[in-house]
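Just below is one structure, and these are the notes that go with it.
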Protein chains: 2
Amino acid sequence: MADAALDFWFDFASTYSYPAAMRVRALANAAGVKVNFRPFLLGPIFVAQGWDTSPFNLYPAKGRNMWRDLERICADLSLPAVRRPEPFPQNSLLAARVALVGLNETWGEEFCVAVFRAQFGQGQRIDDVATITDLLTALNVPAAATLAAAQSDENKMRLRAQTEDAQRRGVFGAPTFTTADGELFWGNDRLERALAWATRGG
Amino acid sequence: MADAALDFWFDFASTYSYPAAMRVRALANAAGVKVNFRPFLLGPIFVAQGWDTSPFNLYPAKGRNMWRDLERICADLSLPAVRRPEPFPQNSLLAARVALVGLNETWGEEFCVAVFRAQFGQGQRIDDVATITDLLTALNVPAAATLAAAQSDENKMRLRAQTEDAQRRGVFGAPTFTTADGELFWGNDRLERALAWATRGG
């Protein structure tokens, strides 16, 4: 019998990916499900749907509700009060490239969680090399060498391939959870269902 | 202390309003929360957002996911396999007008549940007078007199006022749950949170 497994697709700029990233490890461990963190870029996928920014900006009523809803969710999780980064959405390219380097080493997940916390817990800009350097340094990761690896052509291509893989699987938003048997679950609020599915199908 | 209460806003054409309508009465009773069924029309609200049909039609990837997600949700609730009514979305005007008459009498909630079941459990057209007549008859409600009351100018104005009230409260989709203290919860998946909020605030 194969191990139960779940791919966790997220864009660092995505607001609901924040509570998902804060929850997924503990819930997956409790359920005995392997989770694979897969950062990708929503931008090209939104462009393909005709959007040039976050739908939360395009549809203000939806956006207002999202921020309030996120506040309530984070309060229930005892996370710090939500900060809205400026600009919103943040450009997540640099953070995603660095995360890919880390996910090939040992510090990837911790870095992902730290990026989300800095952005939505502290309102920091994640497109700023200084922010990313601070986060790497706090994890005892050599920042300069890591940033160089992140900006290598090979790593840039890996992020592009990951985004294309997301698109091929029908990912249209974040967070999304996909299973080995092709089920797709969209949204932080579908994490429990996705884990249950992965366990049943494992 | 005021009774805990929740307004349940829905459009009969809304897919996720279906499981919400099937769940809300039992969950609200268990939580000791009064629920007020408030059918309205999403059409004018979607038009104000620049949409001339359901976003599930405008964004096919989102639409495919919604139908699959709804299948999974209904399976978990032991509801019949989901049927996609043709056309989708259905015109919900007639059903909403009749529901308003029923909600002023004693059979409103049962009628609402019956409309959702006919549409998404059996694939019936809810814009068809014959369907509505059958549903009323099954509830021992005099169909002809009720349809006449539903199409009266006064009742038409009530539905318009209800939709305007939804818009004023920031409702932008369905189902939506609103509380007396102005909180808004959007989506079938927020029903439990909305009930918890109403209980805390009651």
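Scheme for the structure tokens: letters A, B, ... for chains in order shown; per-chain residue numbers from 1; ligand numbers from 1 in order shown.
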
Secondary structure check, helix (DSSP H, G or I) residues of region 44-170 of chain A, as a ChimeraX atom specification: /A:44-48,55-58,60-76,93-103,108-122,129-138,143-150,153-168

With a distance threshold of 9 Å and counting only C-alpha atoms, extract the residues of chain A near chain B and express them as JSON, numbers by chain. {"A": [49, 58, 59, 61, 62, 65, 68, 69, 170, 171, 172, 173, 183, 184, 185, 186, 189, 190]}

Write the selection just made, keeping N, CA, C and O atoms, as a PDB file, in the first residue's frame?
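So the final result, stored in again_34.pdb, reads:
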```
ATOM      1  N   GLN A  49      -6.931  33.620 -16.830  1.00  0.00           N
ATOM      2  CA  GLN A  49      -8.357  33.804 -16.531  1.00  0.00           C
ATOM      3  C   GLN A  49      -8.808  35.238 -16.791  1.00  0.00           C
ATOM      4  O   GLN A  49      -9.935  35.608 -16.478  1.00  0.00           O
ATOM      5  N   LEU A  58      -9.946  43.061  -7.653  1.00  0.00           N
ATOM      6  CA  LEU A  58     -10.884  43.301  -8.755  1.00  0.00           C
ATOM      7  C   LEU A  58     -12.326  43.374  -8.253  1.00  0.00           C
ATOM      8  O   LEU A  58     -13.139  44.101  -8.815  1.00  0.00           O
ATOM      9  N   TYR A  59     -12.642  42.602  -7.203  1.00  0.00           N
ATOM     10  CA  TYR A  59     -14.005  42.565  -6.680  1.00  0.00           C
ATOM     11  C   TYR A  59     -13.979  43.025  -5.223  1.00  0.00           C
ATOM     12  O   TYR A  59     -13.772  42.222  -4.309  1.00  0.00           O
ATOM     13  N   ALA A  61     -16.047  43.911  -2.849  1.00  0.00           N
ATOM     14  CA  ALA A  61     -16.881  43.313  -1.797  1.00  0.00           C
ATOM     15  C   ALA A  61     -16.272  41.979  -1.360  1.00  0.00           C
ATOM     16  O   ALA A  61     -16.225  41.663  -0.165  1.00  0.00           O
ATOM     17  N   LYS A  62     -15.791  41.219  -2.331  1.00  0.00           N
ATOM     18  CA  LYS A  62     -15.118  39.954  -2.047  1.00  0.00           C
ATOM     19  C   LYS A  62     -13.834  40.196  -1.261  1.00  0.00           C
ATOM     20  O   LYS A  62     -13.490  39.433  -0.353  1.00  0.00           O
ATOM     21  N   ASN A  65     -14.569  41.115   2.387  1.00  0.00           N
ATOM     22  CA  ASN A  65     -14.953  39.919   3.130  1.00  0.00           C
ATOM     23  C   ASN A  65     -13.738  39.043   3.426  1.00  0.00           C
ATOM     24  O   ASN A  65     -13.607  38.498   4.518  1.00  0.00           O
ATOM     25  N   ARG A  68     -11.686  40.352   6.398  1.00  0.00           N
ATOM     26  CA  ARG A  68     -12.390  40.132   7.661  1.00  0.00           C
ATOM     27  C   ARG A  68     -12.407  38.640   8.023  1.00  0.00           C
ATOM     28  O   ARG A  68     -12.180  38.264   9.172  1.00  0.00           O
ATOM     29  N   ASP A  69     -12.662  37.815   7.011  1.00  0.00           N
ATOM     30  CA  ASP A  69     -12.695  36.369   7.225  1.00  0.00           C
ATOM     31  C   ASP A  69     -11.328  35.874   7.700  1.00  0.00           C
ATOM     32  O   ASP A  69     -11.233  35.058   8.623  1.00  0.00           O
ATOM     33  N   GLY A 170      -4.880  21.486 -13.212  1.00  0.00           N
ATOM     34  CA  GLY A 170      -6.142  22.208 -13.037  1.00  0.00           C
ATOM     35  C   GLY A 170      -6.143  23.181 -11.875  1.00  0.00           C
ATOM     36  O   GLY A 170      -7.205  23.683 -11.491  1.00  0.00           O
ATOM     37  N   VAL A 171      -4.981  23.468 -11.306  1.00  0.00           N
ATOM     38  CA  VAL A 171      -4.915  24.437 -10.211  1.00  0.00           C
ATOM     39  C   VAL A 171      -5.259  25.826 -10.759  1.00  0.00           C
ATOM     40  O   VAL A 171      -4.704  26.249 -11.772  1.00  0.00           O
ATOM     41  N   PHE A 172      -6.194  26.504 -10.103  1.00  0.00           N
ATOM     42  CA  PHE A 172      -6.637  27.826 -10.569  1.00  0.00           C
ATOM     43  C   PHE A 172      -6.602  28.851  -9.445  1.00  0.00           C
ATOM     44  O   PHE A 172      -6.981  30.010  -9.629  1.00  0.00           O
ATOM     45  N   GLY A 173      -6.201  28.441  -8.250  1.00  0.00           N
ATOM     46  CA  GLY A 173      -6.151  29.342  -7.103  1.00  0.00           C
ATOM     47  C   GLY A 173      -5.289  28.706  -6.036  1.00  0.00           C
ATOM     48  O   GLY A 173      -4.779  27.596  -6.222  1.00  0.00           O
ATOM     49  N   GLU A 183      -7.452  13.924  -7.328  1.00  0.00           N
ATOM     50  CA  GLU A 183      -8.435  14.825  -6.719  1.00  0.00           C
ATOM     51  C   GLU A 183      -7.786  16.174  -6.443  1.00  0.00           C
ATOM     52  O   GLU A 183      -6.603  16.250  -6.088  1.00  0.00           O
ATOM     53  N   LEU A 184      -8.587  17.218  -6.572  1.00  0.00           N
ATOM     54  CA  LEU A 184      -8.116  18.575  -6.307  1.00  0.00           C
ATOM     55  C   LEU A 184      -9.048  19.213  -5.277  1.00  0.00           C
ATOM     56  O   LEU A 184     -10.274  19.153  -5.417  1.00  0.00           O
ATOM     57  N   PHE A 185      -8.459  19.803  -4.258  1.00  0.00           N
ATOM     58  CA  PHE A 185      -9.219  20.496  -3.211  1.00  0.00           C
ATOM     59  C   PHE A 185      -8.688  21.917  -3.133  1.00  0.00           C
ATOM     60  O   PHE A 185      -7.500  22.127  -2.920  1.00  0.00           O
ATOM     61  N   TRP A 186      -9.577  22.885  -3.285  1.00  0.00           N
ATOM     62  CA  TRP A 186      -9.165  24.282  -3.330  1.00  0.00           C
ATOM     63  C   TRP A 186      -9.582  24.987  -2.049  1.00  0.00           C
ATOM     64  O   TRP A 186     -10.749  24.944  -1.669  1.00  0.00           O
ATOM     65  N   ASP A 189     -10.005  26.018   3.656  1.00  0.00           N
ATOM     66  CA  ASP A 189     -11.124  25.340   4.317  1.00  0.00           C
ATOM     67  C   ASP A 189     -11.345  23.921   3.792  1.00  0.00           C
ATOM     68  O   ASP A 189     -12.234  23.226   4.282  1.00  0.00           O
ATOM     69  N   ARG A 190     -10.568  23.505   2.791  1.00  0.00           N
ATOM     70  CA  ARG A 190     -10.702  22.130   2.293  1.00  0.00           C
ATOM     71  C   ARG A 190      -9.540  21.244   2.741  1.00  0.00           C
ATOM     72  O   ARG A 190      -9.450  20.084   2.338  1.00  0.00           O
TER      73      ARG A 190
END
```

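Minimum distance to Asp11 (chain B) across B:Ala198, B:Met157, B:Leu191, B:Leu94 (counting only C-alpha atoms) occurs at B:Leu94.
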
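In this model, the gap between CA of Ala148 (chain B) and CA of Val98 (chain B) comes to 9.2 Å.
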
I'd like the neighbourhood of Phe12 (chain A) as a short mmCIF file (atom, residue, chain, number, x, y, z; two decimals) with C-alpha atoms, in the first residue's frame, where a residue qualifies if any of its atoms comes within 10 Å (using only C-alpha atoms), though same-chain residues fewer than 6 positions away should be ignored.
```
data_model
loop_
_atom_site.label_atom_id
_atom_site.label_comp_id
_atom_site.auth_asym_id
_atom_site.auth_seq_id
_atom_site.Cartn_x
_atom_site.Cartn_y
_atom_site.Cartn_z
CA TYR A 18 -1.13 31.72 5.08
CA ALA A 21 0.76 26.88 5.71
CA PRO A 39 5.21 26.88 -4.17
CA PHE A 40 4.17 28.19 -7.59
CA LEU A 41 3.14 31.47 -9.19
CA LEU A 42 -0.53 32.36 -9.46
CA PRO A 89 -0.67 41.34 -3.58
CA GLN A 90 3.06 41.17 -3.00
CA ASN A 91 5.36 40.01 -5.78
CA SER A 92 6.14 36.46 -4.66
CA LEU A 93 8.75 35.57 -7.29
CA LEU A 94 11.87 35.93 -5.11
CA ALA A 95 10.38 34.11 -2.12
CA ALA A 96 9.20 31.25 -4.34
CA ALA A 99 11.78 28.34 -1.20
CA CYS A 112 7.89 29.03 3.83
CA VAL A 113 6.21 29.44 7.20
CA VAL A 115 7.76 34.13 4.80
CA PHE A 116 4.03 33.90 5.47
CA GLN A 119 4.15 39.07 5.37
CA ILE A 126 8.52 39.74 0.78
CA ALA A 174 -4.27 28.89 -3.85
CA PRO A 175 -3.98 27.10 -1.61
#
```

Separation of CA of Asp3 (chain A) from CA of Asp181 (chain A) in Å: 12.4 Å

List the spatial neighbours of Met22 (chain A) as a PDB file with N, CA and C atoms, in the first residue's frame - criterion: any atom at most 10 Å away, only C-alpha atoms, same-chain residues fewer than 5 positions off excluded.
```pdb
ATOM      1  N   SER A  17      -3.452  31.063   1.725  1.00  0.00           N
ATOM      2  CA  SER A  17      -2.342  30.114   1.844  1.00  0.00           C
ATOM      3  C   SER A  17      -1.634  30.276   3.191  1.00  0.00           C
ATOM      4  N   LEU A  27      -1.499  18.960  11.099  1.00  0.00           N
ATOM      5  CA  LEU A  27      -2.658  18.149  10.720  1.00  0.00           C
ATOM      6  C   LEU A  27      -2.241  16.937   9.891  1.00  0.00           C
ATOM      7  N   CYS A  74      -7.549  33.730  11.686  1.00  0.00           N
ATOM      8  CA  CYS A  74      -6.268  33.842  12.400  1.00  0.00           C
ATOM      9  C   CYS A  74      -6.498  33.995  13.897  1.00  0.00           C
ATOM     10  N   LEU A  77      -6.991  30.674  15.301  1.00  0.00           N
ATOM     11  CA  LEU A  77      -5.737  29.899  15.338  1.00  0.00           C
ATOM     12  C   LEU A  77      -4.712  30.525  16.289  1.00  0.00           C
ATOM     13  N   LEU A  79      -3.152  33.199  15.884  1.00  0.00           N
ATOM     14  CA  LEU A  79      -2.076  33.859  15.134  1.00  0.00           C
ATOM     15  C   LEU A  79      -2.148  35.361  15.392  1.00  0.00           C
ATOM     16  N   CYS A 112       9.233  28.688   4.345  1.00  0.00           N
ATOM     17  CA  CYS A 112       7.893  29.030   3.831  1.00  0.00           C
ATOM     18  C   CYS A 112       7.022  29.616   4.949  1.00  0.00           C
ATOM     19  N   VAL A 113       7.005  28.964   6.070  1.00  0.00           N
ATOM     20  CA  VAL A 113       6.207  29.442   7.202  1.00  0.00           C
ATOM     21  C   VAL A 113       6.691  30.833   7.637  1.00  0.00           C
ATOM     22  N   ALA A 114       8.022  31.016   7.647  1.00  0.00           N
ATOM     23  CA  ALA A 114       8.582  32.303   8.066  1.00  0.00           C
ATOM     24  C   ALA A 114       8.198  33.420   7.096  1.00  0.00           C
ATOM     25  N   PHE A 116       5.443  33.568   5.240  1.00  0.00           N
ATOM     26  CA  PHE A 116       4.028  33.904   5.472  1.00  0.00           C
ATOM     27  C   PHE A 116       3.866  34.729   6.742  1.00  0.00           C
ATOM     28  N   ARG A 117       4.572  34.347   7.789  1.00  0.00           N
ATOM     29  CA  ARG A 117       4.446  35.057   9.064  1.00  0.00           C
ATOM     30  C   ARG A 117       4.952  36.499   8.930  1.00  0.00           C
TER      31      ARG A 117
END
```

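Checking A:Asn155, A:Ala194, A:Glu105, A:Thr131 one by one against Gly182 (chain A), counting only C-alpha atoms, you find the shortest gap at A:Ala194.
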
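Running DSSP on the backbone and keeping only strand (DSSP E or B), the residues of region 24-107 of chain B that qualify are B:Lys34, B:Val35, B:Asn36, B:Phe37, B:Arg38, B:Pro39.
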
Prev. selection, N, CA and C atoms, output as a JSON list (two decimals), in the first residue's frame:
```
[["chain", "number", "residue", "atom", "x", "y", "z"],
["B", 34, "LYS", "N", -31.73, 30.98, 16.18],
["B", 34, "LYS", "CA", -32.87, 31.21, 15.29],
["B", 34, "LYS", "C", -32.35, 31.50, 13.89],
["B", 35, "VAL", "N", -32.88, 30.83, 12.88],
["B", 35, "VAL", "CA", -32.45, 31.09, 11.51],
["B", 35, "VAL", "C", -33.62, 31.64, 10.71],
["B", 36, "ASN", "N", -33.32, 32.70, 9.99],
["B", 36, "ASN", "CA", -34.30, 33.37, 9.16],
["B", 36, "ASN", "C", -33.93, 33.13, 7.69],
["B", 37, "PHE", "N", -34.72, 32.33, 6.96],
["B", 37, "PHE", "CA", -34.45, 32.06, 5.54],
["B", 37, "PHE", "C", -34.74, 33.33, 4.73],
["B", 38, "ARG", "N", -33.76, 33.80, 3.98],
["B", 38, "ARG", "CA", -33.93, 35.03, 3.19],
["B", 38, "ARG", "C", -33.51, 34.84, 1.74],
["B", 39, "PRO", "N", -34.42, 34.29, 0.91],
["B", 39, "PRO", "CA", -34.10, 34.17, -0.51],
["B", 39, "PRO", "C", -33.94, 35.54, -1.16]]
```

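Once Gly121 (chain B) and its same-chain neighbours fewer than 3 positions away are set aside, Pro80, Val82, Arg83, Arg117 and Ala118 of chain B remain within 6 Å of it when counting only C-alpha atoms.
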
Atoms to include: N, CA and C atoms. Write the selected residues as a PDB file, in the first residue's frame.
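Saved the output as selection.pdb:
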```pdb
ATOM      1  N   PRO B  80     -28.541  12.667  -2.573  1.00  0.00           N
ATOM      2  CA  PRO B  80     -28.453  11.995  -3.879  1.00  0.00           C
ATOM      3  C   PRO B  80     -27.309  12.573  -4.715  1.00  0.00           C
ATOM      4  N   VAL B  82     -25.339  14.558  -7.317  1.00  0.00           N
ATOM      5  CA  VAL B  82     -25.686  15.900  -7.799  1.00  0.00           C
ATOM      6  C   VAL B  82     -26.056  15.856  -9.278  1.00  0.00           C
ATOM      7  N   ARG B  83     -27.154  16.498  -9.615  1.00  0.00           N
ATOM      8  CA  ARG B  83     -27.559  16.665 -11.016  1.00  0.00           C
ATOM      9  C   ARG B  83     -27.347  18.116 -11.397  1.00  0.00           C
ATOM     10  N   ARG B 117     -33.828  20.409  -3.633  1.00  0.00           N
ATOM     11  CA  ARG B 117     -33.746  18.967  -3.878  1.00  0.00           C
ATOM     12  C   ARG B 117     -34.190  18.652  -5.311  1.00  0.00           C
ATOM     13  N   ALA B 118     -35.266  19.280  -5.756  1.00  0.00           N
ATOM     14  CA  ALA B 118     -35.755  19.037  -7.121  1.00  0.00           C
ATOM     15  C   ALA B 118     -34.704  19.455  -8.146  1.00  0.00           C
TER      16      ALA B 118
END
```

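Atom pair CA of Phe10 (chain B) / CA of Gly32 (chain B): separated by 21.0 Å.
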